[in-house]
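*Asks:* Just coords.txt, nothing more (compact mmCIF, N, CA and C atoms and all ligand atoms):
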# COMPACT_ATOMS: atom_id res chain seq x y z
N MET A 1 -27.84 10.53 12.04
CA MET A 1 -27.30 11.72 11.35
C MET A 1 -27.54 11.58 9.83
N ALA A 2 -28.00 12.64 9.19
CA ALA A 2 -28.24 12.58 7.73
C ALA A 2 -26.91 12.59 6.98
N TYR A 3 -26.89 11.93 5.83
CA TYR A 3 -25.70 11.88 4.98
C TYR A 3 -25.35 13.30 4.54
N ASP A 4 -24.09 13.67 4.71
CA ASP A 4 -23.60 15.00 4.31
C ASP A 4 -22.97 14.87 2.92
N SER A 5 -23.61 15.40 1.91
CA SER A 5 -23.13 15.21 0.53
C SER A 5 -21.88 16.05 0.24
N ASN A 6 -21.43 16.79 1.23
CA ASN A 6 -20.16 17.52 1.05
C ASN A 6 -19.00 16.87 1.80
N ASN A 7 -19.20 15.63 2.26
CA ASN A 7 -18.06 14.95 2.90
C ASN A 7 -16.98 14.72 1.84
N ILE A 8 -15.75 14.50 2.31
CA ILE A 8 -14.59 14.50 1.40
C ILE A 8 -14.67 13.41 0.34
N PHE A 9 -15.24 12.26 0.67
CA PHE A 9 -15.30 11.18 -0.31
C PHE A 9 -16.40 11.45 -1.35
N ALA A 10 -17.48 12.09 -0.95
CA ALA A 10 -18.50 12.50 -1.92
C ALA A 10 -17.87 13.49 -2.90
N ARG A 11 -17.02 14.35 -2.39
CA ARG A 11 -16.36 15.35 -3.26
C ARG A 11 -15.36 14.66 -4.20
N ILE A 12 -14.67 13.64 -3.71
CA ILE A 12 -13.78 12.85 -4.59
C ILE A 12 -14.61 12.18 -5.68
N LEU A 13 -15.75 11.59 -5.31
CA LEU A 13 -16.61 10.93 -6.30
C LEU A 13 -17.08 11.91 -7.37
N ARG A 14 -17.33 13.15 -6.98
CA ARG A 14 -17.79 14.15 -7.96
C ARG A 14 -16.63 14.77 -8.73
N GLY A 15 -15.40 14.38 -8.38
CA GLY A 15 -14.23 14.92 -9.08
C GLY A 15 -13.89 16.34 -8.64
N GLU A 16 -14.40 16.74 -7.49
CA GLU A 16 -14.14 18.11 -7.04
C GLU A 16 -12.78 18.24 -6.36
N ILE A 17 -12.30 17.12 -5.83
CA ILE A 17 -10.93 17.12 -5.29
C ILE A 17 -10.22 15.87 -5.82
N PRO A 18 -8.90 15.96 -6.00
CA PRO A 18 -8.17 14.86 -6.63
C PRO A 18 -7.98 13.67 -5.70
N SER A 19 -7.75 12.52 -6.32
CA SER A 19 -7.37 11.32 -5.56
C SER A 19 -6.48 10.48 -6.45
N HIS A 20 -5.74 9.59 -5.82
CA HIS A 20 -4.89 8.66 -6.57
C HIS A 20 -5.71 7.39 -6.77
N LYS A 21 -6.36 7.30 -7.95
CA LYS A 21 -7.32 6.22 -8.19
C LYS A 21 -6.63 4.90 -8.52
N VAL A 22 -7.25 3.84 -8.02
CA VAL A 22 -6.77 2.48 -8.27
C VAL A 22 -7.71 1.79 -9.27
N CYS A 23 -9.00 1.87 -9.06
CA CYS A 23 -9.96 1.32 -10.01
C CYS A 23 -11.33 1.94 -9.77
N GLU A 24 -12.15 1.83 -10.80
CA GLU A 24 -13.49 2.40 -10.72
C GLU A 24 -14.41 1.57 -11.60
N ASP A 25 -15.62 1.32 -11.12
CA ASP A 25 -16.64 0.72 -11.97
C ASP A 25 -17.95 1.44 -11.71
N GLN A 26 -19.03 0.86 -12.20
CA GLN A 26 -20.33 1.54 -12.11
C GLN A 26 -20.74 1.85 -10.67
N HIS A 27 -20.35 0.96 -9.74
CA HIS A 27 -20.85 1.08 -8.38
C HIS A 27 -19.81 1.48 -7.34
N THR A 28 -18.51 1.37 -7.68
CA THR A 28 -17.48 1.54 -6.65
C THR A 28 -16.27 2.32 -7.17
N LEU A 29 -15.50 2.82 -6.23
CA LEU A 29 -14.24 3.52 -6.53
C LEU A 29 -13.22 3.10 -5.47
N ALA A 30 -11.98 2.89 -5.91
CA ALA A 30 -10.88 2.62 -4.97
C ALA A 30 -9.77 3.63 -5.22
N PHE A 31 -9.19 4.13 -4.15
CA PHE A 31 -8.14 5.15 -4.25
C PHE A 31 -7.24 5.07 -3.02
N MET A 32 -6.06 5.67 -3.13
CA MET A 32 -5.11 5.60 -2.02
C MET A 32 -5.57 6.48 -0.86
N ASP A 33 -5.38 5.98 0.36
CA ASP A 33 -5.60 6.79 1.56
C ASP A 33 -4.47 7.81 1.66
N VAL A 34 -4.82 9.10 1.84
CA VAL A 34 -3.76 10.13 1.91
C VAL A 34 -2.99 10.11 3.23
N MET A 35 -3.54 9.41 4.22
CA MET A 35 -2.84 9.29 5.51
C MET A 35 -2.63 7.79 5.79
N PRO A 36 -1.82 7.15 4.96
CA PRO A 36 -1.73 5.69 5.02
C PRO A 36 -1.14 5.17 6.32
N GLN A 37 -1.73 4.09 6.80
CA GLN A 37 -1.21 3.45 8.01
C GLN A 37 -0.09 2.47 7.68
N ALA A 38 0.03 2.17 6.38
CA ALA A 38 1.15 1.40 5.84
C ALA A 38 1.21 1.75 4.36
N ASP A 39 2.36 1.59 3.74
CA ASP A 39 2.46 1.83 2.30
C ASP A 39 1.50 0.89 1.58
N GLY A 40 0.70 1.44 0.67
CA GLY A 40 -0.27 0.63 -0.06
C GLY A 40 -1.68 0.70 0.50
N HIS A 41 -1.86 1.41 1.59
CA HIS A 41 -3.19 1.55 2.23
C HIS A 41 -4.17 2.16 1.21
N THR A 42 -5.18 1.37 0.88
CA THR A 42 -6.14 1.76 -0.17
C THR A 42 -7.54 1.78 0.43
N LEU A 43 -8.38 2.67 -0.07
CA LEU A 43 -9.77 2.77 0.39
C LEU A 43 -10.71 2.34 -0.74
N VAL A 44 -11.78 1.65 -0.38
CA VAL A 44 -12.79 1.24 -1.36
C VAL A 44 -14.13 1.80 -0.89
N ILE A 45 -14.80 2.51 -1.81
CA ILE A 45 -16.08 3.12 -1.44
C ILE A 45 -17.15 2.78 -2.48
N PRO A 46 -18.41 2.72 -2.03
CA PRO A 46 -19.51 2.65 -2.99
C PRO A 46 -19.79 4.04 -3.53
N LYS A 47 -20.37 4.09 -4.72
CA LYS A 47 -20.81 5.39 -5.24
C LYS A 47 -22.12 5.83 -4.60
N ALA A 48 -22.88 4.86 -4.07
CA ALA A 48 -24.13 5.19 -3.39
C ALA A 48 -23.84 6.02 -2.15
N PRO A 49 -24.65 7.04 -1.90
CA PRO A 49 -24.44 7.88 -0.73
C PRO A 49 -24.92 7.20 0.55
N ALA A 50 -23.99 6.77 1.38
CA ALA A 50 -24.37 6.15 2.65
C ALA A 50 -23.26 6.44 3.65
N GLU A 51 -23.69 6.77 4.85
CA GLU A 51 -22.72 7.14 5.88
C GLU A 51 -21.95 5.93 6.39
N ASN A 52 -22.65 4.81 6.55
CA ASN A 52 -22.00 3.66 7.18
C ASN A 52 -22.66 2.36 6.71
N ILE A 53 -22.18 1.25 7.21
CA ILE A 53 -22.64 -0.05 6.71
C ILE A 53 -24.12 -0.29 7.03
N LEU A 54 -24.60 0.38 8.06
CA LEU A 54 -26.00 0.18 8.46
C LEU A 54 -26.96 0.82 7.46
N ASP A 55 -26.47 1.83 6.73
CA ASP A 55 -27.33 2.59 5.82
C ASP A 55 -27.22 2.15 4.37
N LEU A 56 -26.23 1.32 4.04
CA LEU A 56 -25.95 1.01 2.63
C LEU A 56 -26.87 -0.12 2.14
N PRO A 57 -27.57 0.08 1.02
CA PRO A 57 -28.41 -0.99 0.49
C PRO A 57 -27.57 -2.24 0.18
N PRO A 58 -28.15 -3.44 0.34
CA PRO A 58 -27.40 -4.69 0.15
C PRO A 58 -26.69 -4.80 -1.19
N ASP A 59 -27.32 -4.35 -2.27
CA ASP A 59 -26.67 -4.47 -3.59
C ASP A 59 -25.39 -3.66 -3.64
N ALA A 60 -25.44 -2.46 -3.10
CA ALA A 60 -24.26 -1.59 -3.11
C ALA A 60 -23.18 -2.16 -2.18
N LEU A 61 -23.61 -2.73 -1.06
CA LEU A 61 -22.65 -3.36 -0.15
C LEU A 61 -21.98 -4.55 -0.83
N ALA A 62 -22.76 -5.34 -1.55
CA ALA A 62 -22.19 -6.51 -2.25
C ALA A 62 -21.16 -6.05 -3.27
N ALA A 63 -21.48 -5.02 -4.04
CA ALA A 63 -20.53 -4.52 -5.04
C ALA A 63 -19.26 -4.01 -4.36
N THR A 64 -19.42 -3.37 -3.23
CA THR A 64 -18.27 -2.79 -2.54
C THR A 64 -17.34 -3.86 -1.97
N ILE A 65 -17.93 -4.92 -1.43
CA ILE A 65 -17.07 -5.96 -0.84
C ILE A 65 -16.39 -6.77 -1.95
N VAL A 66 -17.04 -6.90 -3.09
CA VAL A 66 -16.39 -7.60 -4.22
C VAL A 66 -15.20 -6.77 -4.71
N THR A 67 -15.37 -5.46 -4.83
CA THR A 67 -14.23 -4.61 -5.21
C THR A 67 -13.16 -4.66 -4.14
N THR A 68 -13.56 -4.70 -2.87
CA THR A 68 -12.58 -4.77 -1.79
C THR A 68 -11.73 -6.02 -1.91
N GLN A 69 -12.36 -7.15 -2.22
CA GLN A 69 -11.59 -8.39 -2.40
C GLN A 69 -10.62 -8.26 -3.57
N ARG A 70 -11.07 -7.68 -4.67
CA ARG A 70 -10.21 -7.52 -5.87
C ARG A 70 -9.02 -6.62 -5.54
N VAL A 71 -9.31 -5.52 -4.84
CA VAL A 71 -8.24 -4.59 -4.46
C VAL A 71 -7.29 -5.25 -3.46
N ALA A 72 -7.83 -6.01 -2.53
CA ALA A 72 -6.99 -6.67 -1.52
C ALA A 72 -6.00 -7.62 -2.18
N ARG A 73 -6.49 -8.35 -3.19
CA ARG A 73 -5.58 -9.27 -3.91
C ARG A 73 -4.47 -8.48 -4.59
N ALA A 74 -4.83 -7.36 -5.20
CA ALA A 74 -3.83 -6.54 -5.91
C ALA A 74 -2.84 -5.90 -4.93
N VAL A 75 -3.35 -5.39 -3.81
CA VAL A 75 -2.47 -4.77 -2.81
C VAL A 75 -1.50 -5.81 -2.25
N LYS A 76 -2.01 -7.00 -1.99
CA LYS A 76 -1.16 -8.08 -1.46
C LYS A 76 0.00 -8.36 -2.41
N GLN A 77 -0.33 -8.45 -3.69
CA GLN A 77 0.71 -8.75 -4.69
C GLN A 77 1.65 -7.55 -4.85
N ALA A 78 1.09 -6.36 -4.96
CA ALA A 78 1.90 -5.17 -5.25
C ALA A 78 2.88 -4.86 -4.12
N PHE A 79 2.48 -5.15 -2.88
CA PHE A 79 3.33 -4.82 -1.74
C PHE A 79 3.92 -6.06 -1.08
N ASP A 80 3.81 -7.19 -1.78
CA ASP A 80 4.41 -8.44 -1.31
C ASP A 80 4.06 -8.66 0.17
N ALA A 81 2.76 -8.54 0.46
CA ALA A 81 2.31 -8.54 1.86
C ALA A 81 1.80 -9.92 2.27
N PRO A 82 2.38 -10.49 3.31
CA PRO A 82 1.87 -11.78 3.78
C PRO A 82 0.49 -11.65 4.43
N GLY A 83 0.18 -10.46 4.92
CA GLY A 83 -1.13 -10.24 5.55
C GLY A 83 -1.82 -9.03 4.96
N ILE A 84 -3.16 -9.06 4.98
CA ILE A 84 -3.95 -7.91 4.53
C ILE A 84 -5.00 -7.63 5.62
N LEU A 85 -4.97 -6.41 6.14
CA LEU A 85 -5.99 -5.98 7.10
C LEU A 85 -7.11 -5.29 6.33
N ILE A 86 -8.35 -5.72 6.58
CA ILE A 86 -9.50 -5.01 6.02
C ILE A 86 -10.31 -4.49 7.20
N ALA A 87 -10.51 -3.16 7.21
CA ALA A 87 -11.20 -2.53 8.34
C ALA A 87 -12.30 -1.62 7.83
N GLN A 88 -13.32 -1.46 8.64
CA GLN A 88 -14.47 -0.64 8.24
C GLN A 88 -15.10 -0.11 9.52
N LEU A 89 -15.05 1.20 9.70
CA LEU A 89 -15.45 1.81 10.97
C LEU A 89 -16.81 2.50 10.81
N ASN A 90 -17.67 2.35 11.81
CA ASN A 90 -19.02 2.92 11.75
C ASN A 90 -19.28 3.81 12.96
N GLY A 91 -19.34 5.13 12.74
CA GLY A 91 -19.62 6.07 13.81
C GLY A 91 -18.35 6.59 14.46
N SER A 92 -18.41 7.83 14.93
CA SER A 92 -17.21 8.44 15.52
C SER A 92 -16.75 7.66 16.74
N ALA A 93 -17.68 7.01 17.45
CA ALA A 93 -17.29 6.22 18.61
C ALA A 93 -16.42 5.04 18.21
N ALA A 94 -16.55 4.61 16.95
CA ALA A 94 -15.73 3.51 16.42
C ALA A 94 -14.47 4.02 15.74
N GLY A 95 -14.32 5.35 15.69
CA GLY A 95 -13.12 5.93 15.06
C GLY A 95 -13.35 6.43 13.66
N GLN A 96 -14.58 6.34 13.15
CA GLN A 96 -14.85 6.83 11.78
C GLN A 96 -14.65 8.34 11.74
N SER A 97 -13.94 8.80 10.71
CA SER A 97 -13.69 10.24 10.60
C SER A 97 -14.21 10.82 9.29
N VAL A 98 -14.48 9.99 8.30
CA VAL A 98 -15.10 10.45 7.05
C VAL A 98 -16.42 9.69 6.91
N PHE A 99 -17.53 10.45 6.77
CA PHE A 99 -18.84 9.83 6.90
C PHE A 99 -19.48 9.49 5.55
N HIS A 100 -18.66 8.78 4.76
CA HIS A 100 -19.14 8.04 3.57
C HIS A 100 -18.50 6.66 3.73
N ILE A 101 -19.32 5.64 3.79
CA ILE A 101 -18.79 4.30 4.10
C ILE A 101 -17.60 3.93 3.22
N HIS A 102 -16.59 3.32 3.86
CA HIS A 102 -15.40 2.88 3.12
C HIS A 102 -14.77 1.69 3.83
N PHE A 103 -14.10 0.88 3.01
CA PHE A 103 -13.30 -0.23 3.53
C PHE A 103 -11.83 0.14 3.39
N HIS A 104 -11.08 -0.03 4.48
CA HIS A 104 -9.63 0.15 4.44
C HIS A 104 -8.99 -1.18 4.05
N VAL A 105 -8.05 -1.13 3.11
CA VAL A 105 -7.28 -2.32 2.71
C VAL A 105 -5.81 -1.99 3.00
N VAL A 106 -5.24 -2.69 3.99
CA VAL A 106 -3.92 -2.31 4.49
C VAL A 106 -2.98 -3.52 4.47
N PRO A 107 -1.89 -3.43 3.70
CA PRO A 107 -0.91 -4.53 3.73
C PRO A 107 -0.24 -4.63 5.10
N ARG A 108 -0.01 -5.86 5.55
CA ARG A 108 0.65 -6.07 6.84
C ARG A 108 1.85 -7.00 6.68
N HIS A 109 2.93 -6.63 7.35
CA HIS A 109 4.15 -7.43 7.38
C HIS A 109 4.51 -7.71 8.84
N GLU A 110 5.03 -8.90 9.10
CA GLU A 110 5.46 -9.25 10.46
C GLU A 110 6.40 -8.19 11.00
N GLY A 111 6.15 -7.75 12.24
CA GLY A 111 7.07 -6.86 12.92
C GLY A 111 7.00 -5.41 12.48
N LEU A 112 6.12 -5.09 11.53
CA LEU A 112 5.99 -3.70 11.07
C LEU A 112 4.70 -3.13 11.63
N ASP A 113 4.83 -2.21 12.59
CA ASP A 113 3.65 -1.64 13.23
C ASP A 113 2.88 -0.74 12.27
N LEU A 114 1.57 -0.67 12.47
CA LEU A 114 0.77 0.28 11.71
C LEU A 114 1.11 1.70 12.15
N ARG A 115 1.08 2.65 11.20
CA ARG A 115 1.20 4.06 11.58
C ARG A 115 -0.15 4.52 12.15
N PHE A 116 -0.18 5.73 12.75
CA PHE A 116 -1.41 6.22 13.37
C PHE A 116 -2.54 6.37 12.34
N HIS A 117 -3.75 6.15 12.81
CA HIS A 117 -4.95 6.28 11.98
C HIS A 117 -5.21 7.75 11.66
N ALA A 118 -5.35 8.04 10.36
CA ALA A 118 -5.79 9.36 9.89
C ALA A 118 -4.97 10.50 10.49
N ARG A 119 -3.63 10.37 10.49
CA ARG A 119 -2.83 11.44 11.10
C ARG A 119 -1.85 12.08 10.14
N ASP A 120 -0.91 11.32 9.58
CA ASP A 120 0.18 11.94 8.82
C ASP A 120 -0.05 11.81 7.31
N MET A 121 -0.03 12.96 6.63
CA MET A 121 -0.22 12.98 5.17
C MET A 121 1.00 12.40 4.48
N ALA A 122 0.76 11.59 3.48
CA ALA A 122 1.86 11.02 2.69
C ALA A 122 2.20 11.97 1.54
N ASP A 123 3.40 11.79 1.02
CA ASP A 123 3.86 12.54 -0.14
C ASP A 123 3.04 12.12 -1.37
N HIS A 124 2.58 13.09 -2.15
CA HIS A 124 1.70 12.76 -3.28
C HIS A 124 2.39 11.99 -4.39
N LYS A 125 3.69 12.27 -4.56
CA LYS A 125 4.41 11.50 -5.59
C LYS A 125 4.47 10.01 -5.22
N LEU A 126 4.69 9.78 -3.93
CA LEU A 126 4.75 8.40 -3.44
C LEU A 126 3.38 7.72 -3.59
N LEU A 127 2.32 8.45 -3.25
CA LEU A 127 0.97 7.86 -3.39
C LEU A 127 0.67 7.54 -4.85
N ALA A 128 1.11 8.41 -5.76
CA ALA A 128 0.89 8.15 -7.19
C ALA A 128 1.62 6.89 -7.61
N GLU A 129 2.85 6.72 -7.09
CA GLU A 129 3.62 5.52 -7.43
C GLU A 129 2.95 4.27 -6.85
N HIS A 130 2.45 4.38 -5.62
CA HIS A 130 1.79 3.22 -5.00
C HIS A 130 0.50 2.86 -5.73
N ALA A 131 -0.25 3.88 -6.15
CA ALA A 131 -1.49 3.61 -6.91
C ALA A 131 -1.15 2.88 -8.21
N ALA A 132 -0.10 3.30 -8.86
CA ALA A 132 0.30 2.65 -10.12
C ALA A 132 0.68 1.19 -9.88
N ARG A 133 1.35 0.94 -8.74
CA ARG A 133 1.73 -0.44 -8.41
C ARG A 133 0.49 -1.31 -8.21
N VAL A 134 -0.50 -0.77 -7.50
CA VAL A 134 -1.72 -1.56 -7.25
C VAL A 134 -2.47 -1.76 -8.57
N ARG A 135 -2.57 -0.71 -9.37
CA ARG A 135 -3.28 -0.84 -10.66
C ARG A 135 -2.64 -1.94 -11.51
N ALA A 136 -1.30 -1.96 -11.51
CA ALA A 136 -0.59 -2.95 -12.34
C ALA A 136 -0.84 -4.38 -11.86
N ALA A 137 -1.22 -4.52 -10.59
CA ALA A 137 -1.44 -5.87 -10.03
C ALA A 137 -2.90 -6.29 -10.08
N LEU A 138 -3.79 -5.42 -10.54
CA LEU A 138 -5.22 -5.78 -10.60
C LEU A 138 -5.44 -6.86 -11.64
N ASP A 139 -6.39 -7.77 -11.33
CA ASP A 139 -6.67 -8.81 -12.34
C ASP A 139 -7.58 -8.27 -13.42
P1 LIG B 1 -12.10 6.54 8.87
O1 LIG B 1 -11.48 7.13 10.10
O2 LIG B 1 -12.33 5.04 8.93
O3 LIG B 1 -13.35 7.31 8.52
O4 LIG B 1 -11.04 6.71 7.71
C1 LIG B 1 -10.95 7.83 6.89
C2 LIG B 1 -9.67 7.70 6.13
O5 LIG B 1 -9.69 8.63 5.09
C3 LIG B 1 -8.41 7.97 6.95
O6 LIG B 1 -7.56 6.82 6.90
C4 LIG B 1 -7.76 9.15 6.26
C5 LIG B 1 -8.41 9.19 4.91
N1 LIG B 1 -8.61 10.50 4.35
C6 LIG B 1 -9.03 11.62 4.99
N2 LIG B 1 -9.12 12.65 4.12
C7 LIG B 1 -8.78 12.15 2.91
C8 LIG B 1 -8.69 12.74 1.61
O7 LIG B 1 -8.95 13.92 1.39
N3 LIG B 1 -8.31 11.92 0.59
C9 LIG B 1 -8.01 10.59 0.80
N4 LIG B 1 -7.62 9.90 -0.26
N5 LIG B 1 -8.07 10.01 2.01
C10 LIG B 1 -8.46 10.80 3.05
Could you rewrite the structure in this file as structure tokens?

*Replies:*
Amino acid sequence: MAYDSNNIFARILRGEIPSHKVCEDQHTLAFMDVMPQADGHTLVIPKAPAENILDLPPDALAATIVTTQRVARAVKQAFDAPGILIAQLNGSAAGQSVFHIHFHVVPRHEGLDLRFHARDMADHKLLAEHAARVRAALD
């Protein structure tokens, strides 16, 4: 399938729709997931247009995983999380619903189940507060 440049994350990258940003550099952007599976659920994307990990050039993939590690450290600290889940889905058969490659960074706590994937919208004020917490914890 060809990359659809009107997918929601491409539109976020172009600033056409808002997001609660955590960090941005030349190659990557991180922002809060609007349907978080846990408080602090953050997404990391490359700026390069690629649908999934199979299509992303190695340099862009390297930049994205480095940002993912940086964000994961910040999310862990900001949400006092003993565990961090990092997930990356490729193709609708794998559960991918937005076709611009992204890494999910999700804080995990013992005994706290994940909420459903891509289902319930979070309150925007809360997402803004969570983004600020993660930003404050970035190195
Ligand atoms: P996946 O199913 O792996 O493609 O995950 C897509 C994620 O994107 C899912 O957790 C929900 C989230 N999401 C969907 N639409 C938006 C949006 O408009 N803004 C943000 N920030 N996240 C979105």

*Asks:* Which residues are close to A:Asn52, i.e. within 8 Å by only N, CA and C atoms, leaving aside same-chain residues fewer than 5 positions away? Reply as a short mmCIF file (atom, residue, chain, number, x, y, z; two decimals) with N, CA and C atoms, keeping the file's coordinate frame.

*Replies:*
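Generated output (around.cif):
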data_model
loop_
_atom_site.label_atom_id
_atom_site.label_comp_id
_atom_site.auth_asym_id
_atom_site.auth_seq_id
_atom_site.Cartn_x
_atom_site.Cartn_y
_atom_site.Cartn_z
N TYR A 3 -26.89 11.93 5.83
CA TYR A 3 -25.70 11.88 4.98
C TYR A 3 -25.35 13.30 4.54
N PRO A 57 -27.57 0.08 1.02
CA PRO A 57 -28.41 -0.99 0.49
C PRO A 57 -27.57 -2.24 0.18
N LEU A 89 -15.05 1.20 9.70
CA LEU A 89 -15.45 1.81 10.97
C LEU A 89 -16.81 2.50 10.81
N ASN A 90 -17.67 2.35 11.81
CA ASN A 90 -19.02 2.92 11.75
C ASN A 90 -19.28 3.81 12.96
N GLY A 91 -19.34 5.13 12.74
CA GLY A 91 -19.62 6.07 13.81
C GLY A 91 -18.35 6.59 14.46
N VAL A 98 -14.48 9.99 8.30
CA VAL A 98 -15.10 10.45 7.05
C VAL A 98 -16.42 9.69 6.91
N PHE A 99 -17.53 10.45 6.77
CA PHE A 99 -18.84 9.83 6.90
C PHE A 99 -19.48 9.49 5.55
N HIS A 100 -18.66 8.78 4.76
CA HIS A 100 -19.14 8.04 3.57
C HIS A 100 -18.50 6.66 3.73
N ILE A 101 -19.32 5.64 3.79
CA ILE A 101 -18.79 4.30 4.10
C ILE A 101 -17.60 3.93 3.22
N HIS A 102 -16.59 3.32 3.86
CA HIS A 102 -15.40 2.88 3.12
C HIS A 102 -14.77 1.69 3.83
#

*Asks:* How would you report the residues lying within 6.5 Å of ligand LIG 1 (chain B), as an mmCIF file with N, CA and C atoms, in the coordinates of the input, if you count all atoms listed in the file?

*Replies:*
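Saved the output as part-v8.cif:
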data_model
loop_
_atom_site.group_PDB
_atom_site.id
_atom_site.type_symbol
_atom_site.label_atom_id
_atom_site.label_comp_id
_atom_site.auth_asym_id
_atom_site.auth_seq_id
_atom_site.Cartn_x
_atom_site.Cartn_y
_atom_site.Cartn_z
ATOM 1 N N ILE A 8 -15.750 14.500 2.310
ATOM 2 C CA ILE A 8 -14.590 14.500 1.400
ATOM 3 C C ILE A 8 -14.670 13.410 0.340
ATOM 4 N N SER A 19 -7.750 12.520 -6.320
ATOM 5 C CA SER A 19 -7.370 11.320 -5.560
ATOM 6 C C SER A 19 -6.480 10.480 -6.450
ATOM 7 N N HIS A 20 -5.740 9.590 -5.820
ATOM 8 C CA HIS A 20 -4.890 8.660 -6.570
ATOM 9 C C HIS A 20 -5.710 7.390 -6.770
ATOM 10 N N PHE A 31 -9.190 4.130 -4.150
ATOM 11 C CA PHE A 31 -8.140 5.150 -4.250
ATOM 12 C C PHE A 31 -7.240 5.070 -3.020
ATOM 13 N N MET A 32 -6.060 5.670 -3.130
ATOM 14 C CA MET A 32 -5.110 5.600 -2.020
ATOM 15 C C MET A 32 -5.570 6.480 -0.860
ATOM 16 N N ASP A 33 -5.380 5.980 0.360
ATOM 17 C CA ASP A 33 -5.600 6.790 1.560
ATOM 18 C C ASP A 33 -4.470 7.810 1.660
ATOM 19 N N VAL A 34 -4.820 9.100 1.840
ATOM 20 C CA VAL A 34 -3.760 10.130 1.910
ATOM 21 C C VAL A 34 -2.990 10.110 3.230
ATOM 22 N N MET A 35 -3.540 9.410 4.220
ATOM 23 C CA MET A 35 -2.840 9.290 5.510
ATOM 24 C C MET A 35 -2.630 7.790 5.790
ATOM 25 N N PRO A 36 -1.820 7.150 4.960
ATOM 26 C CA PRO A 36 -1.730 5.690 5.020
ATOM 27 C C PRO A 36 -1.140 5.170 6.320
ATOM 28 N N GLN A 37 -1.730 4.090 6.800
ATOM 29 C CA GLN A 37 -1.210 3.450 8.010
ATOM 30 C C GLN A 37 -0.090 2.470 7.680
ATOM 31 N N GLN A 88 -13.320 -1.460 8.640
ATOM 32 C CA GLN A 88 -14.470 -0.640 8.240
ATOM 33 C C GLN A 88 -15.100 -0.110 9.520
ATOM 34 N N LEU A 89 -15.050 1.200 9.700
ATOM 35 C CA LEU A 89 -15.450 1.810 10.970
ATOM 36 C C LEU A 89 -16.810 2.500 10.810
ATOM 37 N N GLY A 95 -14.320 5.350 15.690
ATOM 38 C CA GLY A 95 -13.120 5.930 15.060
ATOM 39 C C GLY A 95 -13.350 6.430 13.660
ATOM 40 N N GLN A 96 -14.580 6.340 13.150
ATOM 41 C CA GLN A 96 -14.850 6.830 11.780
ATOM 42 C C GLN A 96 -14.650 8.340 11.740
ATOM 43 N N SER A 97 -13.940 8.800 10.710
ATOM 44 C CA SER A 97 -13.690 10.240 10.600
ATOM 45 C C SER A 97 -14.210 10.820 9.290
ATOM 46 N N VAL A 98 -14.480 9.990 8.300
ATOM 47 C CA VAL A 98 -15.100 10.450 7.050
ATOM 48 C C VAL A 98 -16.420 9.690 6.910
ATOM 49 N N PHE A 99 -17.530 10.450 6.770
ATOM 50 C CA PHE A 99 -18.840 9.830 6.900
ATOM 51 C C PHE A 99 -19.480 9.490 5.550
ATOM 52 N N HIS A 117 -3.750 6.150 12.810
ATOM 53 C CA HIS A 117 -4.950 6.280 11.980
ATOM 54 C C HIS A 117 -5.210 7.750 11.660
ATOM 55 N N ALA A 118 -5.350 8.040 10.360
ATOM 56 C CA ALA A 118 -5.790 9.360 9.890
ATOM 57 C C ALA A 118 -4.970 10.500 10.490
ATOM 58 N N ARG A 119 -3.630 10.370 10.490
ATOM 59 C CA ARG A 119 -2.830 11.440 11.100
ATOM 60 C C ARG A 119 -1.850 12.080 10.140
#

*Asks:* By how many Å are atom C of A:Asp55 and atom N of A:Arg73 apart?

*Replies:*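 According to the coordinates, atom C of A:Asp55 and atom N of A:Arg73 are separated by 24.4 Å.
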
*Asks:* To one decimal in Å, tell me the separation between atom C of A:Asp39 and atom CA of A:Asn6.

*Replies:*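 Computing it gives 27.3 Å between the two atoms.
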
*Asks:* Mind giving me the straight-line distance from atom C of A:Thr42 to atom CA of A:Val71 in Å, one decimal?

*Replies:*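 Result for atom C of A:Thr42 versus atom CA of A:Val71: 8.1 Å, one decimal.
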
*Asks:* Could you pull the residues within 12 Å of A:Ala62, counting only C-alpha atoms, minus those fewer than 4 positions along the same chain, as JSON, numbers by chain?

*Replies:* {"A": [27, 28, 45, 46, 48, 53, 56, 57, 58, 66, 67, 68, 69]}

*Asks:* Which one of A:Arg115, A:His104, A:Arg70, A:Lys21 sits closest to A:Ala137 if you count only N, CA and C atoms?

*Replies:*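 For A:Ala137, the nearest of the given residues is A:Arg70.
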
*Asks:* Using only C-alpha atoms for the distances, tell me which of A:Glu51, A:Glu24, A:Glu16, A:Glu110 is nearest to A:Ala81.

*Replies:*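 Answer, going by the shortest atom-to-atom distance: A:Glu110.
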
*Asks:* For a quick check of understanding, using all atoms listed in the file, which of A:Gly40, A:Ala50, A:Arg14, A:Asp59 has the smallest distance to A:Ala2?

*Replies:*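 Nearest to A:Ala2: A:Ala50.
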
*Asks:* When DSSP is applied to the backbone of this structure, which of stretch 14-122 of chain A are assigned strand (DSSP E or B)? Write them out as an MDAnalysis selection string.

*Replies:* chainID A and resid 21:24 28:32 42:46 83:87 103:108

*Asks:* Which centre and which edge lengths, in Å to one decimal, describe the axis-aligned box that holds all listed atoms of stretch 22-32 of chain A after 6 Å is added on each side, as JSON?

*Replies:*
{"center_x": -13.0, "center_y": 3.6, "center_z": -6.5, "size_x": 27.7, "size_y": 17.8, "size_z": 23.3}

*Asks:* Determine which residues of stretch 5-123 of chain A DSSP labels as alpha helix (DSSP H) from the backbone of this structure, then write them out as a ChimeraX atom specification.

*Replies:* /A:8-13,58-78
